[in-house]
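Q: Quick one: the structure is below, questions incoming.
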Amino acid sequence: MKVGRPNTLSEKDEENLVKGICLSSKWGFPYTSMDIRLLVQQFLNKNGFKEKRFTNNLTGYEWFKHFLDRHKSILSERLAENIKRSRAEINHESIKKYFEHLKNSLAGVSANLIINYDETNITDDPGKAKIITRRGFKHPERILESSKSSVSVMFAGTASGYLLPPYVVYKAENLYNSWTEGGPKGTRYNRSKSGWFDGVLICFI
C-alpha cells in the first residue's frame with residue numbers, strides 16, 4: 001500500500017499523458033512544463049474534478065517535477081532546437097533521391113567547379129525552450145513558422161577543399177563603410193530590407 005497523498009491523476013491517466021507527450025514530441029510539437037500543467041488542468045475541469053491543492057485546478061511546478069520523476073525512465077526535460085516546417089518535412093527518402101539525382105548531375109564535373117554554399121543568421125534568435133520528450137531523444141526540435149531574422153552570412157566552399165570569402169548581408173537601407181571593416185580578407189558586404197539574401201543580392205556575388 002502506498003503511503004501519502006494520492007496522485008492527482010490515476011496511473012492509467014498518467015500513462016496516457018506520457019504517451020501523448022512522446023507522440024507530440026515525435027511530431028515536432030513538444031510540450032513545455034506549462035503546456036503539461038495546462039493540459040492536466042483542462043482534463044480535471046472537463047471531468048468535473050476539483051483538486052483543493054491547486055488554484056483553479058492548475059497544478060504547481062512542484063507537481064510537474066514529481067510527475068517527471070515518476071516517469072524519468074521515459075521522459076526527460078531538454079532544450080529544443082527551433083526549425084521551420086519546410087525543414088521538418090524532409091525525410092530519409094527525399095534525401096536519398098536528392099543524392100541520386102546529384103550524382104548524375106555532377107558526373108564528369110571538376111571538383112574545383114562544384115561549390116556548396118549555405119546561408120546562416122547570427123542574431124535575433126528567439127531562443128531555445130525547455131520541452132518534455134522521450135528520454136534518449138538526441139535532437140529534440142520544435143517546429144515554428146519563423147525562427148530567425150536580421151544579419152545573414154553566406155559561406156561557400158568547393159569540393160576540392162577551397163573556402164571562398166564570406167558574403168555578409170545587413171538588414172538596412174544603406175551600407176556604411178564602418179560595417180565593412182575588420183572582416184576576413186575578401187569578404188563581400190551588402191544590405192537588404194529583410195536582412196536575408198534574395199535573387200538580386202545573389203546576382204552580385
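Labeling convention for the C-alpha cells: chains A, B, ... as they appear, residues from 1 per chain, ligands from 1 in order of appearance.
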Which residues of segment 96-117 of chain A come within 12 Å of segment 164-183 of chain A, and what is each one's closest atom pair and distance in Å (one decimal), counting only C-alpha atoms, sorted by chain and residue number, as CSV?

A:
residue,atom,partner,partner_atom,distance
A:Asn112,CA,A:Leu164,CA,11.5
A:Ile115,CA,A:Leu164,CA,9.3
A:Asn116,CA,A:Leu164,CA,10.1
A:Tyr117,CA,A:Leu164,CA,9.4

Q: Would you put the residues from that selection into a file with C-alpha atoms, as a compact mmCIF listing (two decimals), in the first residue's frame?

A:
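See again_28.txt below for the written result:
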# COMPACT_ATOMS: atom_id res chain seq x y z
CA ASN A 112 37.03 22.87 -58.40
CA ILE A 115 30.56 24.74 -54.96
CA ASN A 116 28.45 24.20 -51.89
CA TYR A 117 27.14 27.23 -50.04

Q: Skip Phe54 of chain A itself and residues of its chain fewer than 3 positions away, then list as a ChimeraX atom specification all residues within 12 Å of it, counting only C-alpha atoms.

A: /A:8,37-38,40-41,44,49-51,57-63

Q: If you run DSSP on the backbone, which residues of segment 96-142 of chain A are helix (DSSP H, G or I), as JSON, numbers by chain?

A: {"A": [96, 97, 98, 99, 100, 101, 102, 103, 104, 105, 111, 112, 113]}

Q: Those same residues, written as a short mmCIF file (atom, residue, chain, number, x, y, z; two decimals), in the first residue's frame with N, CA, C and O atoms?

A:
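This went into out15.cif:
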data_model
loop_
_atom_site.label_atom_id
_atom_site.label_comp_id
_atom_site.auth_asym_id
_atom_site.auth_seq_id
_atom_site.Cartn_x
_atom_site.Cartn_y
_atom_site.Cartn_z
N LYS A 96 17.69 10.68 -49.96
CA LYS A 96 18.26 9.63 -50.80
C LYS A 96 18.06 9.94 -52.28
O LYS A 96 18.99 9.83 -53.09
N LYS A 97 16.85 10.38 -52.64
CA LYS A 97 16.56 10.72 -54.05
C LYS A 97 17.38 11.92 -54.50
O LYS A 97 17.84 11.98 -55.64
N TYR A 98 17.56 12.87 -53.59
CA TYR A 98 18.34 14.07 -53.93
C TYR A 98 19.76 13.70 -54.33
O TYR A 98 20.28 14.17 -55.36
N PHE A 99 20.40 12.86 -53.54
CA PHE A 99 21.79 12.49 -53.83
C PHE A 99 21.90 11.60 -55.06
O PHE A 99 22.93 11.61 -55.75
N GLU A 100 20.88 10.84 -55.36
CA GLU A 100 20.88 10.04 -56.59
C GLU A 100 20.87 10.96 -57.81
O GLU A 100 21.61 10.75 -58.77
N HIS A 101 20.03 12.00 -57.78
CA HIS A 101 19.99 12.97 -58.89
C HIS A 101 21.27 13.79 -58.94
O HIS A 101 21.77 14.11 -60.02
N LEU A 102 21.81 14.13 -57.77
CA LEU A 102 23.03 14.94 -57.72
C LEU A 102 24.21 14.18 -58.33
O LEU A 102 25.03 14.78 -59.04
N LYS A 103 24.28 12.90 -58.07
CA LYS A 103 25.37 12.08 -58.61
C LYS A 103 25.36 12.12 -60.14
O LYS A 103 26.42 12.25 -60.78
N ASN A 104 24.19 12.02 -60.73
CA ASN A 104 24.08 12.06 -62.19
C ASN A 104 24.40 13.45 -62.73
O ASN A 104 25.04 13.60 -63.78
N SER A 105 23.97 14.48 -62.01
CA SER A 105 24.18 15.85 -62.48
C SER A 105 25.65 16.25 -62.45
O SER A 105 26.11 17.04 -63.29
N ALA A 111 36.10 18.93 -59.49
CA ALA A 111 35.83 19.26 -58.08
C ALA A 111 35.97 20.75 -57.81
O ALA A 111 35.32 21.30 -56.92
N ASN A 112 36.84 21.43 -58.58
CA ASN A 112 37.03 22.87 -58.40
C ASN A 112 35.79 23.68 -58.80
O ASN A 112 35.63 24.83 -58.39
N LEU A 113 34.93 23.07 -59.63
CA LEU A 113 33.74 23.77 -60.12
C LEU A 113 32.48 23.40 -59.35
O LEU A 113 31.40 23.92 -59.64
#

Q: Provide the atom CA of Ile21 of chain A to atom CA of Asn47 of chain A distance in Å, to one decimal place.

A: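 Straight-line distance from atom CA of Ile21 of chain A to atom CA of Asn47 of chain A works out to 20.0 Å.
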
Q: What does the distance from atom CA of Pro140 of chain A to atom CA of Ser24 of chain A come to in Å, to one decimal?

A: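 Distance reported for this atom pair: 11.2 Å.
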
Q: Running DSSP on the backbone, which parts of segment 26-169 of chain A land in strand (DSSP E), as a PyMOL selection string?

A: chain A and resi 75-84+115-121+129-134+141-144+152-158+167-169

Q: For the selection you just gave me, I'd like the residues written to a file as a PDB file, in the first residue's frame, keeping C-alpha atoms.

A:
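Wrote it out as selection.pdb, contents follow:
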ATOM      1  CA  LEU A  75      10.641  11.349 -20.151  1.00  0.00           C
ATOM      2  CA  SER A  76      13.336  13.977 -19.757  1.00  0.00           C
ATOM      3  CA  GLU A  77      13.462  17.770 -19.933  1.00  0.00           C
ATOM      4  CA  ARG A  78      15.671  19.048 -22.758  1.00  0.00           C
ATOM      5  CA  LEU A  79      16.399  22.202 -24.754  1.00  0.00           C
ATOM      6  CA  ALA A  80      14.733  22.046 -28.175  1.00  0.00           C
ATOM      7  CA  GLU A  81      16.105  23.411 -31.449  1.00  0.00           C
ATOM      8  CA  ASN A  82      13.681  25.611 -33.406  1.00  0.00           C
ATOM      9  CA  ILE A  83      13.188  24.602 -37.050  1.00  0.00           C
ATOM     10  CA  LYS A  84      10.826  25.741 -39.795  1.00  0.00           C
ATOM     11  CA  ILE A 115      30.558  24.739 -54.964  1.00  0.00           C
ATOM     12  CA  ASN A 116      28.449  24.200 -51.886  1.00  0.00           C
ATOM     13  CA  TYR A 117      27.136  27.234 -50.038  1.00  0.00           C
ATOM     14  CA  ASP A 118      24.966  27.785 -47.008  1.00  0.00           C
ATOM     15  CA  GLU A 119      23.320  30.851 -45.533  1.00  0.00           C
ATOM     16  CA  THR A 120      23.092  31.350 -41.791  1.00  0.00           C
ATOM     17  CA  ASN A 121      21.884  34.081 -39.443  1.00  0.00           C
ATOM     18  CA  ALA A 129      12.838  26.374 -24.788  1.00  0.00           C
ATOM     19  CA  LYS A 130      12.867  23.501 -22.342  1.00  0.00           C
ATOM     20  CA  ILE A 131      10.419  20.859 -23.536  1.00  0.00           C
ATOM     21  CA  ILE A 132       9.477  17.350 -22.398  1.00  0.00           C
ATOM     22  CA  THR A 133      10.310  14.454 -24.686  1.00  0.00           C
ATOM     23  CA  ARG A 134      11.172  10.774 -24.663  1.00  0.00           C
ATOM     24  CA  GLU A 141      13.119  20.033 -32.221  1.00  0.00           C
ATOM     25  CA  ARG A 142      10.213  22.455 -32.156  1.00  0.00           C
ATOM     26  CA  ILE A 143       8.553  23.464 -35.433  1.00  0.00           C
ATOM     27  CA  LEU A 144       7.981  27.212 -35.786  1.00  0.00           C
ATOM     28  CA  SER A 152      22.904  36.951 -42.675  1.00  0.00           C
ATOM     29  CA  VAL A 153      26.212  35.385 -43.711  1.00  0.00           C
ATOM     30  CA  MET A 154      26.819  33.051 -46.644  1.00  0.00           C
ATOM     31  CA  PHE A 155      29.718  30.594 -46.558  1.00  0.00           C
ATOM     32  CA  ALA A 156      30.854  28.674 -49.637  1.00  0.00           C
ATOM     33  CA  GLY A 157      33.479  26.064 -50.447  1.00  0.00           C
ATOM     34  CA  THR A 158      34.486  23.870 -53.369  1.00  0.00           C
ATOM     35  CA  TYR A 167      29.255  37.203 -48.050  1.00  0.00           C
ATOM     36  CA  VAL A 168      27.587  39.364 -45.360  1.00  0.00           C
ATOM     37  CA  VAL A 169      24.151  40.961 -45.696  1.00  0.00           C
TER      38      VAL A 169
END

Q: Separation of atom CA of Ser73 of chain A and atom CA of Gly136 of chain A, in Å?

A: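 So the two atoms, atom CA of Ser73 of chain A and atom CA of Gly136 of chain A, lie 9.5 Å apart.
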
Q: Of the residues A:Arg191, A:Gly48, A:Gly28, A:Phe197, which is the one nearest to Arg87 of chain A, using only C-alpha atoms?

A: A:Gly28
